[in-house]
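Engineer: Got a structure here, written out as structure tokens. Questions coming.
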Amino acid sequence: MSTLKLVFLSIAISFAIVVTDAGNQIKNISYDGRSLLINGRRDLFFSGSVHYPRSTPEMWPDILDKARKGGLNVIQTYVFWNIHEPEQGKFTMEGNYDLVKFMKLIQEKGMYATLRVGPFIQAEWNHGGLPYWLKDVPNIIFRTVNEPFKKHMKEYVTTVIQKMTEAKLFAPQGGPIILAQIENEYDHVKLAYDEDGHTYVQWAAELAVSQNVGVPWVMCKQTDAPDPVINACNGRHCGDTFSGPNKPYKPSIWTENWTAQYRVFGDPPTQRSAEDIAFSVARFFAKNGNLVNYYMYHGGTNFGRTSAAFTTTRYYDQAPLDEFGLQRDPKWSHLRDVHRALNLCKKPLLTGVPSTTRLSEFHEIIVYENPGSHLCAAFLTNNNSQAAATINFRGKDHYLPPHSISILPDCKTVVFNTESIASQHNARTFKKSDVANNHKWEIYIENIPTVKELPPSQKAPSEVYTLLKDKSDYAWFTTSVELGQQDVPTQHQPWLHIGSLGHSQLVFVNGEFVGSKHGSHEEKSFDFQKSVTLKVGVNHITILACTVGLPDSGAYMEHRFAGPSEIKIIGLNSGTMDITRSGWGQQVALNSEKLGIFTEEGSKKVNWKEVKGTGPSLSWYKTRFATPEGKSPVAIRMDGMGKGLIWINGKCIGRHWMNFLDKFGNPTQPEYHIPRTYLNPKDNLLVVLEEDPASPEKISILRVDRDTICSHITEHHPPNVKLFASKQRKFQTVVENPVPQAILKCENRKTIQAVEFASFGDPEGYCGIFKMGKCDAPATKQIVEQYCLRKNSCSIPMDKQLFTKGQDGCPGVMKSLAIQVRCH
């Protein structure tokens, strides 16, 4: 009988641990079919993914503070194997990668943690988190019943658990970790491994449970998660798409509620509305959900070369906390409000008896009630995305906008509607720094090698992943072709054809740049074909093969390839010449890369010249800039550039790719995050490696803020949920006769310095782009100024009499109040 079956036969799904520090209360983490139980107590869990390597330790406290203020009580993170063990046997946790410090900070902020151990994580992270050296292990096949992989996976998982245990980070030790995850979305690839896939799932679950960490383990998107491991949902609407736990004694857990769509280079802008996320959360908890995790809550930055194939440097910028850690309202604040509303329903949700009344195809009422007590909570659902509805519930009519849920914590009072945003909005602005843009650019042009520098050492070009071993994005390949007078055509130019398995390449003939080509996230392979000038005698052909991250998903990841696979010269008088196997020299990384010319010391090793006009392909650009004023986040806008890498004071902030345009003709990512902690007190070194002919003159250093804040509410809005409370198990209002309010609050102790727009009537547009409608109360702006100017926060009631004084210029029109102010 397996270890797992023996564990489960103990019946009680309990994860107690006996030994703790003196003075620490023993904690028992368990679960049943309704909830996770902490010391036997039920709770609702609101979680958010924050990945420690995608920000800096200096940013962590502010991000976690905002998560807590946003109503979260759990933080989820993956563990990134390839940053902790970049070389086999050398395990480290330092700097941005200090997981122990991150976990302790979560605890200091009064929150729990979920640790997603992996080892495969995907996460749009380089190689799905697997270290590259793992690929070089003889006879290895990832994520299946393969002894070399199982050996290294077991060593890794055991090491991570040991590090966490030594730091006393699991909840039974007094730490924050209440859940752990093994593997990741294995159902996606399971069938590719036939019966071995099922066996591997069993083995991985046994490995996890055998660690005896005292907390439950989960497997996400794993319908057959073996007992006692909990199967969890990933997706956008798990309240309706999740078939539920695979056993009745497991709680309903949502490990990834996608707050946006991560982007790859070439993608158009995408977003997911705050209203849709709030709907999905209310729906999940209304249908017996216990834990929801937002993926991502803070997306952050793929610094250096950490992003997966073709993934942008900016990660999940549309999350509630944007790339810079700033609150993206209304997403952040609207989700905060749904958490408040659900917490007002906590007692009925966790102890009440649910009942569901289907009114129609789209309309439904779910009630949690304890017969004979005052505890009662109701969820009124309008799932019609086109039409509003009025639902009568217990003798009272309730208006529901399209695709919305109203939450009634006492089965009487609507405190929140998922479609009616009562919280504030904001708009992000990028402003050129006043002090950081007096640039004097210098250039160094990378030498283009030929067979003289790189004589043939291989019959054909090596496969690029195998050659680079993730040490660089760049691999040189050189060969030479000797042509006679009879070979070279005089009436036309021959063509150079290079078939590549990905990701991109630059081509040089006789030292001159011929052109570049790249694939995409969907189709990584491509064909380069261009006419070239060849001469009688020896012709040098040089290819710079480039990768843009390693693959991060799918079965048999160890069998992925990139780089030139077929090279031909077409149109010679003698016919097509296949030079694929004509003997090639090769080199890992650029020479300047090896010299580290992006650092202070390394930059002194080459001769830089003043930039004059457009520089040639494969050039390095260097300048210095003053540290931007103030404390706001900093970014660099890469106007005028093509593709390459950016370093600030020797630290790589990621890949830029400005000329991979989306379908609207815009760069996928124009700005790139420079963490304040990467900057010196006054003077900074900026170095850019640029693959394409370009000019750095338009590059600018920016300050980032969300100081434009707004509110837009209607007469149909419920009062803000913060006007209600639950005290001594009784629902009550905080103020007498609560009404809808426009609520505005500046971040970081700033104050409202200007009212930029205000209209009571039928204004149009959205935050940053409001405009007057056909109907407006003239005194609106003056009234808002009286309520808000020079204050950190203000609340303006949605009071028709206040604005119109009885002189309604457009009776019969449903009124809305739109306000835009500027913080400073």
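By convention here, the chains of the structure tokens are called A, B, ... in the order presented, each chain's residues are numbered starting at 1, and ligands are numbered starting at 1 in the order presented.
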Enumerate, as a PDB file with C-alpha atoms, in the first residue's frame, the complete set of residues in range 732-800 of chain A that a backbone-based DSSP assignment places in alpha helix (DSSP H).
Structural biologist:
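out-v6.pdb was written with the following content:
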ATOM      1  CA  THR A 780     -20.673  70.873  -9.503  1.00  0.00           C
ATOM      2  CA  LYS A 781     -16.995  71.836  -9.706  1.00  0.00           C
ATOM      3  CA  GLN A 782     -17.301  74.487  -7.005  1.00  0.00           C
ATOM      4  CA  ILE A 783     -19.053  72.014  -4.694  1.00  0.00           C
ATOM      5  CA  VAL A 784     -16.377  69.346  -5.264  1.00  0.00           C
ATOM      6  CA  GLU A 785     -13.623  71.884  -4.556  1.00  0.00           C
ATOM      7  CA  GLN A 786     -15.286  72.755  -1.252  1.00  0.00           C
ATOM      8  CA  TYR A 787     -15.339  69.077  -0.259  1.00  0.00           C
ATOM      9  CA  CYS A 788     -11.895  68.060  -1.536  1.00  0.00           C
ATOM     10  CA  LYS A 800     -29.381  65.511  -6.332  1.00  0.00           C
TER      11      LYS A 800
END
Engineer: Could you give me, as a count of residues only, each residue of range 219-326 of chain A that DSSP assigns to strand (DSSP E) when run on this structure's backbone?
Structural biologist: 25
Engineer: Near Thr429 in chain A, counting only C-alpha atoms, which residues have an atom at most 9 Å away, once you skip same-chain residues fewer than 2 positions from it, shown as a PDB file with N, CA, C and O atoms, in the first residue's frame?
Structural biologist:
ATOM      1  N   ALA A 427      -5.452  57.111 -13.231  1.00  0.00           N
ATOM      2  CA  ALA A 427      -4.781  57.030 -14.537  1.00  0.00           C
ATOM      3  C   ALA A 427      -3.278  57.160 -14.312  1.00  0.00           C
ATOM      4  O   ALA A 427      -2.841  57.984 -13.508  1.00  0.00           O
ATOM      5  N   LYS A 431       6.071  61.096 -16.906  1.00  0.00           N
ATOM      6  CA  LYS A 431       6.560  62.452 -17.138  1.00  0.00           C
ATOM      7  C   LYS A 431       8.084  62.450 -17.208  1.00  0.00           C
ATOM      8  O   LYS A 431       8.751  61.811 -16.391  1.00  0.00           O
ATOM      9  N   ARG A 703       9.461  59.781 -14.776  1.00  0.00           N
ATOM     10  CA  ARG A 703       8.890  59.561 -13.456  1.00  0.00           C
ATOM     11  C   ARG A 703       7.462  59.071 -13.640  1.00  0.00           C
ATOM     12  O   ARG A 703       6.736  59.551 -14.509  1.00  0.00           O
ATOM     13  N   VAL A 704       7.065  58.110 -12.814  1.00  0.00           N
ATOM     14  CA  VAL A 704       5.781  57.445 -12.982  1.00  0.00           C
ATOM     15  C   VAL A 704       4.885  57.735 -11.781  1.00  0.00           C
ATOM     16  O   VAL A 704       5.333  57.655 -10.633  1.00  0.00           O
ATOM     17  N   ASP A 705       3.633  58.086 -12.043  1.00  0.00           N
ATOM     18  CA  ASP A 705       2.705  58.268 -10.921  1.00  0.00           C
ATOM     19  C   ASP A 705       1.295  57.888 -11.329  1.00  0.00           C
ATOM     20  O   ASP A 705       0.995  57.664 -12.493  1.00  0.00           O
ATOM     21  N   ARG A 706       0.452  57.778 -10.327  1.00  0.00           N
ATOM     22  CA  ARG A 706      -0.994  57.618 -10.522  1.00  0.00           C
ATOM     23  C   ARG A 706      -1.697  58.692  -9.704  1.00  0.00           C
ATOM     24  O   ARG A 706      -2.580  58.415  -8.893  1.00  0.00           O
ATOM     25  N   ASP A 707      -1.291  59.934  -9.926  1.00  0.00           N
ATOM     26  CA  ASP A 707      -1.807  61.067  -9.162  1.00  0.00           C
ATOM     27  C   ASP A 707      -3.082  61.652  -9.753  1.00  0.00           C
ATOM     28  O   ASP A 707      -3.662  62.568  -9.177  1.00  0.00           O
ATOM     29  N   THR A 708      -3.517  61.161 -10.898  1.00  0.00           N
ATOM     30  CA  THR A 708      -4.820  61.537 -11.432  1.00  0.00           C
ATOM     31  C   THR A 708      -5.830  60.515 -10.938  1.00  0.00           C
ATOM     32  O   THR A 708      -5.789  59.342 -11.330  1.00  0.00           O
TER      33      THR A 708
END
Engineer: Between A:Val414, A:Pro119, A:Gly537, A:Arg314, which has the minimum distance to Leu723 in chain A (counting only C-alpha atoms)?
Structural biologist: A:Val414
